[in-house]
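Some notes on the structure that comes next.
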Amino acid sequence: MGKISKEEVRHIAKLAEIEFSEDEIEKFTIQLGRILEHVAKISEVDTKNIPPTSHIIEIKNVFRDDIVKKSLSKEEALANAPEVMNGGFKVPKID
Amino acid sequence: MDNSEVFFYSAHKINNMLKRREISCVEIVKSILDRIEKVEGKINAYITVEKESMVREAREVDEYISKGGKIEDFTGIPVAIKDNICTKGILTTCASKILKNYVPVYDATVVRKLKEQRYILVGKANMDEFAMGSSNENSCFGPVKNPWDLTRVPGGSSGGPAACVASGEAICALGSDTGGSIRQPAALCGIVGFKPTYGRVSRYGLVAFASSLDQIGPLTRDVEDCAALLNVICGYDESDSTSIPAEVPDFKSFLKEGISSMRVGVPKELMVSGIDAEVREEVEKAILSLEELGAYVEEVSLPHLEYALDVYYIIAPSEASSNLSRFDGVRYGYRNKDAKTLREMYRKTRSEGFGDEVKRRIMLGTYSLSAGYYDAYYEKAQRVRTLIINDFRNAFEKYDVLVSPTSPTPAFRIGEKIDDPLTMYLSDICTIPVNLAGLPAISIPIGLSRKGLPIGFQIIGDILREDNVLRVAYSLEKAISFNKKPDLGFLEVL
């Protein structure tokens, strides 16, 4: 734990859908490496038989009655869209 | 009566004046607007100021009052709202280029509740982009300056809300706190900041950063205003599936109960070695005051707090990387217009739209959640988090509240830590454990450093025990009577 290579940073950037210049890759490799080195300290904690936290208080599935209520209109839902066509979100060609 | 400094009054003082007809809402709003005119150029606390609607709404409130309308705690009170809380029809940017043009079509639940009291929205306060930061330097609208020293940071990520209240540009404010983002800026700006129990306040309409840690809360001039604002914003909301269906007491009713025979624990892990000597001195004085007020004080150990920062910097970025995947240029916000294909559009939009700190956290989170690393990072962190929660649970069997410094240092200089993320992250070392365990905690000002910078004191309560936190905070506030205000005229000369 705690080390990260430039190759890994490029791979993670791809997963995160973010592009970086070579300089940025260089900078992020150093910064992320230092942060990961620091957080790697948790590996020394004995967590055998300790369950991971899923919620800070006991919570059960939250249900509500299935009642039809007013929701956003189509115009409202599209109000912030960069591009709209025929009442839908318009995007560039899917590759 | 001389009302030339209304902008520095507490909400409860203004409320009393409104009830006695000693002031009109238009006068209150004019006082705030004049103040903004004078100091905002130096502080940059706001992204949007609702100048016109403020005056119009103030007239409406005056008319409502003249017709015998009920004056509630926040009727006619000018409030700033952090720019990651949705306001219908009003720009909500999260201080990010990617949301620079986003106008919500609905109000956050907390905003709706304030509207029901006929509050006055002053504007949307500046912040670190997507609430990621401890200095408010990560805003695409420029950094916020600390009203006590314009060369220093106000803290973050709610730097704008804290600076508004400290400088008299709003009477109080709402912020959000994921790892200390209300308490740390409140401490650095010499005001009161409260993070309620996770689930106490609806997150509906709060732009998500780390959903298991985020909580909305008040930034105010004093503890009484804080309790009053909690009364408004707390409560179950079916629009937030993590909202707690617990009864909301009248938080103001606990303030004057005193703290005689209350049990106070001082976690030695929060009196960390990096704490500035003056901060330590003031905190120790505050602890002595608690003893003088009749509390029983003792040092306590919560051994796993040592790992809280590391756990946080795995969990918060992981949740952020998932939450921020929604910003893809399709449904709202910025879009790169030159991209020829969908994936290219995603990549270019996100690369151009997000700032460095946000990218850093998305990368960290994506890494922690990626195949091969999930068990060692994310899941391991959630297990250590359980141990931290257990430490707190054990401590609260013995103590009513735990106390510590809020921030290890007073406000640092702008630019001092921005190139060193790890050092920046350390400024939240005392506040982060509280979010991991979902607890309520307050920061109140307890003094000034020799350089004239505010120092904050943190009081932590058990789950849903905001009452204990407020009792201790109110008693200590009265005992210390910190009532200093930044002298912005003087600072101009420096």
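Just so we're on the same page: first chain in the structure tokens is A, next is B, and so on; residues restart at 1 for each chain, and ligands are numbered from 1 in the order they show up.
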
Residues within 9 Å of Asp250 (chain B), only C-alpha atoms, excluding chain neighbours under 5 positions, as an mmCIF file with N, CA, C and O atoms, in the first residue's frame:
```cif
data_model
loop_
_atom_site.group_PDB
_atom_site.id
_atom_site.type_symbol
_atom_site.label_atom_id
_atom_site.label_comp_id
_atom_site.auth_asym_id
_atom_site.auth_seq_id
_atom_site.Cartn_x
_atom_site.Cartn_y
_atom_site.Cartn_z
ATOM 1 N N ALA B 227 -29.088 28.000 18.607
ATOM 2 C CA ALA B 227 -30.200 27.144 19.056
ATOM 3 C C ALA B 227 -31.477 27.490 18.295
ATOM 4 O O ALA B 227 -32.234 26.601 17.876
ATOM 5 N N ALA B 228 -31.704 28.785 18.086
ATOM 6 C CA ALA B 228 -32.924 29.209 17.384
ATOM 7 C C ALA B 228 -32.919 28.734 15.934
ATOM 8 O O ALA B 228 -33.945 28.290 15.407
ATOM 9 N N LEU B 230 -31.257 26.133 14.786
ATOM 10 C CA LEU B 230 -31.443 24.676 14.825
ATOM 11 C C LEU B 230 -32.931 24.336 14.926
ATOM 12 O O LEU B 230 -33.414 23.395 14.291
ATOM 13 N N ASN B 231 -33.659 25.100 15.728
ATOM 14 C CA ASN B 231 -35.098 24.870 15.858
ATOM 15 C C ASN B 231 -35.787 24.914 14.497
ATOM 16 O O ASN B 231 -36.720 24.160 14.239
#
```

Near chain B, 7 Å: chain A residue rows, closest pairs, only C-alpha atoms, as a Markdown table:
```
| residue | atom | partner | partner_atom | distance |
| --- | --- | --- | --- | --- |
| A:Ile12 | CA | B:Tyr367 | CA | 6.2 |
| A:Ala13 | CA | B:Met363 | CA | 6.6 |
| A:Ala16 | CA | B:Thr366 | CA | 6.5 |
| A:Glu17 | CA | B:Arg347 | CA | 4.9 |
| A:Ile18 | CA | B:Arg347 | CA | 5.0 |
| A:Glu19 | CA | B:Ser351 | CA | 5.7 |
| A:Leu32 | CA | B:Leu364 | CA | 6.9 |
| A:Ile35 | CA | B:Leu422 | CA | 6.4 |
| A:His38 | CA | B:Asp310 | CA | 6.9 |
| A:Val39 | CA | B:Asp310 | CA | 4.3 |
| A:Ile42 | CA | B:Tyr307 | CA | 6.3 |
| A:Thr47 | CA | B:Arg383 | CA | 6.3 |
| A:Ile50 | CA | B:Arg383 | CA | 5.9 |
| A:Pro51 | CA | B:Arg383 | CA | 5.6 |
| A:Pro52 | CA | B:Arg383 | CA | 3.9 |
| A:Thr53 | CA | B:Gln382 | CA | 5.1 |
| A:Ile56 | CA | B:Gly438 | CA | 6.0 |
| A:Val62 | CA | B:Ser241 | CA | 6.4 |
| A:Glu76 | CA | B:Val105 | CA | 6.3 |
| A:Asn80 | CA | B:Tyr332 | CA | 4.7 |
| A:Ala81 | CA | B:Arg331 | CA | 4.6 |
| A:Pro82 | CA | B:Tyr332 | CA | 6.2 |
| A:Phe89 | CA | B:Arg331 | CA | 6.6 |
| A:Val91 | CA | B:Leu342 | CA | 6.5 |
| A:Pro92 | CA | B:Thr341 | CA | 5.1 |
| A:Lys93 | CA | B:Thr341 | CA | 4.8 |
| A:Ile94 | CA | B:Leu342 | CA | 5.1 |
| A:Asp95 | CA | B:Thr341 | CA | 5.9 |
```

For Arg221 (chain B): contacts at 7 Å, only C-alpha atoms, fewer than 2 positions along chain excluded, given as an MDAnalysis selection string: chainID B and resid 10 165 172 191:192 225

For CA of Glu269 (chain B) and CA of Ser404 (chain B), the interatomic separation in Å (one decimal):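 Computed distance, CA of Glu269 (chain B) to CA of Ser404 (chain B), equals 9.4 Å.
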
All strand (DSSP E or B) positions in region 47-217 of chain B, as an MDAnalysis selection string: chainID B and resid 47:49 78:82 85 87 90 120:125 146 149 152 172:177 192:195 201 206 215:217

Computed interatomic separation between CA of Pro486 (chain B) and CA of Ile432 (chain B) (Å):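 That distance, rounded to one decimal, is 27.6 Å.
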
Close residues, region 129-142 of chain B itself excluded, 6 Å, only C-alpha atoms, min 3 positions apart in chain, as a list in words: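 My reading of the contact set: Cys94, Ala95, Ser96, Val153, Gly155, Gly156, Ser157 and Gly159 of chain B.
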
Long-range neighbours of region 288-294 of chain B as a PyMOL selection string, 12 Å cut-off, only C-alpha atoms, 4 positions minimum in chain: chain B and resi 257-266+281-284+298+401-403+446+457+459+471-481

For the selection you just gave me, I'd like the residues written to a file as a CSV table (one decimal), in the first residue's frame, keeping N, CA and C atoms.
```
chain,number,residue,atom,x,y,z
B,257,GLU,N,-29.8,26.0,31.6
B,257,GLU,CA,-29.8,24.9,32.6
B,257,GLU,C,-28.6,24.8,33.4
B,258,GLY,N,-27.5,25.5,33.0
B,258,GLY,CA,-26.2,25.4,33.7
B,258,GLY,C,-25.5,24.0,33.5
B,259,ILE,N,-24.3,23.9,34.0
B,259,ILE,CA,-23.6,22.7,33.7
B,259,ILE,C,-23.0,22.0,35.0
B,260,SER,N,-23.6,22.4,36.1
B,260,SER,CA,-23.2,21.9,37.4
B,260,SER,C,-23.3,20.4,37.4
B,261,SER,N,-22.3,19.7,37.8
B,261,SER,CA,-22.2,18.2,37.8
B,261,SER,C,-22.2,17.5,36.4
B,262,MET,N,-22.1,18.3,35.4
B,262,MET,CA,-22.0,17.6,34.0
B,262,MET,C,-20.6,17.0,33.9
B,263,ARG,N,-20.5,15.9,33.2
B,263,ARG,CA,-19.3,15.2,33.0
B,263,ARG,C,-18.6,15.5,31.7
B,264,VAL,N,-17.4,16.0,31.7
B,264,VAL,CA,-16.7,16.5,30.5
B,264,VAL,C,-15.4,15.7,30.3
B,265,GLY,N,-15.3,15.1,29.1
B,265,GLY,CA,-14.1,14.3,28.8
B,265,GLY,C,-13.2,15.2,27.9
B,266,VAL,N,-11.9,15.1,28.1
B,266,VAL,CA,-10.9,15.8,27.2
B,266,VAL,C,-10.1,14.7,26.5
B,281,GLU,N,-3.2,27.1,25.2
B,281,GLU,CA,-3.3,27.9,26.4
B,281,GLU,C,-4.8,28.3,26.6
B,282,GLU,N,-5.4,28.8,25.5
B,282,GLU,CA,-6.8,29.3,25.5
B,282,GLU,C,-7.7,28.1,25.8
B,283,VAL,N,-7.5,26.9,25.2
B,283,VAL,CA,-8.3,25.8,25.4
B,283,VAL,C,-8.2,25.3,26.9
B,284,GLU,N,-7.0,25.3,27.4
B,284,GLU,CA,-6.9,24.9,28.9
B,284,GLU,C,-7.6,25.9,29.8
B,298,GLU,N,-12.2,15.5,33.1
B,298,GLU,CA,-11.2,14.4,33.2
B,298,GLU,C,-10.6,14.1,31.8
B,401,VAL,N,-20.3,15.3,27.5
B,401,VAL,CA,-19.7,16.0,26.3
B,401,VAL,C,-18.2,15.7,26.3
B,402,LEU,N,-17.6,15.9,25.1
B,402,LEU,CA,-16.1,15.8,25.0
B,402,LEU,C,-15.7,17.2,24.4
B,403,VAL,N,-14.5,17.7,24.8
B,403,VAL,CA,-14.1,19.0,24.4
B,403,VAL,C,-12.7,18.9,23.8
B,446,ILE,N,-13.3,31.5,22.0
B,446,ILE,CA,-12.9,31.6,23.4
B,446,ILE,C,-11.8,32.7,23.6
B,457,PHE,N,-13.2,26.7,20.3
B,457,PHE,CA,-13.3,25.6,21.2
B,457,PHE,C,-14.4,24.7,20.8
B,459,ILE,N,-17.1,21.5,21.3
B,459,ILE,CA,-17.8,20.7,22.3
B,459,ILE,C,-18.6,19.7,21.5
B,471,ARG,N,-26.0,23.4,26.1
B,471,ARG,CA,-25.9,23.8,27.5
B,471,ARG,C,-24.5,24.2,27.9
B,472,VAL,N,-23.5,23.4,27.5
B,472,VAL,CA,-22.1,23.7,27.8
B,472,VAL,C,-21.7,24.9,27.1
B,473,ALA,N,-22.0,25.0,25.8
B,473,ALA,CA,-21.6,26.1,25.0
B,473,ALA,C,-22.1,27.5,25.5
B,474,TYR,N,-23.4,27.5,25.9
B,474,TYR,CA,-24.0,28.7,26.4
B,474,TYR,C,-23.4,29.1,27.7
B,475,SER,N,-23.2,28.2,28.6
B,475,SER,CA,-22.6,28.5,29.9
B,475,SER,C,-21.2,29.1,29.8
B,476,LEU,N,-20.4,28.4,28.9
B,476,LEU,CA,-19.0,28.8,28.7
B,476,LEU,C,-19.0,30.2,28.0
B,477,GLU,N,-19.9,30.4,27.0
B,477,GLU,CA,-20.0,31.7,26.3
B,477,GLU,C,-20.2,32.8,27.3
B,478,LYS,N,-21.1,32.6,28.2
B,478,LYS,CA,-21.5,33.6,29.2
B,478,LYS,C,-20.3,33.8,30.1
B,479,ALA,N,-19.6,32.8,30.5
B,479,ALA,CA,-18.4,32.9,31.4
B,479,ALA,C,-17.3,33.6,30.8
B,480,ILE,N,-17.0,33.4,29.5
B,480,ILE,CA,-15.9,34.0,28.8
B,480,ILE,C,-16.2,35.4,28.3
B,481,SER,N,-17.5,35.5,27.9
B,481,SER,CA,-18.0,36.7,27.2
B,481,SER,C,-17.0,37.3,26.2
```

Which of A:Lys69, A:Lys6, A:His11, A:Lys48 sits closest to Glu26 (chain A) [using only C-alpha atoms]: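 Using only C-alpha atoms, Glu26 (chain A) sits closest to A:Lys6.
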
DSSP helix (DSSP H, G or I) residues within region 95-299 of chain B, as a PyMOL selection string: chain B and resi 97-99+109-116+129-131+159-167+183-189+223-233+251-257+268-270+277-292

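In this structure, CA of Pro454 (chain B) sits 26.4 Å away from CA of Phe254 (chain B).
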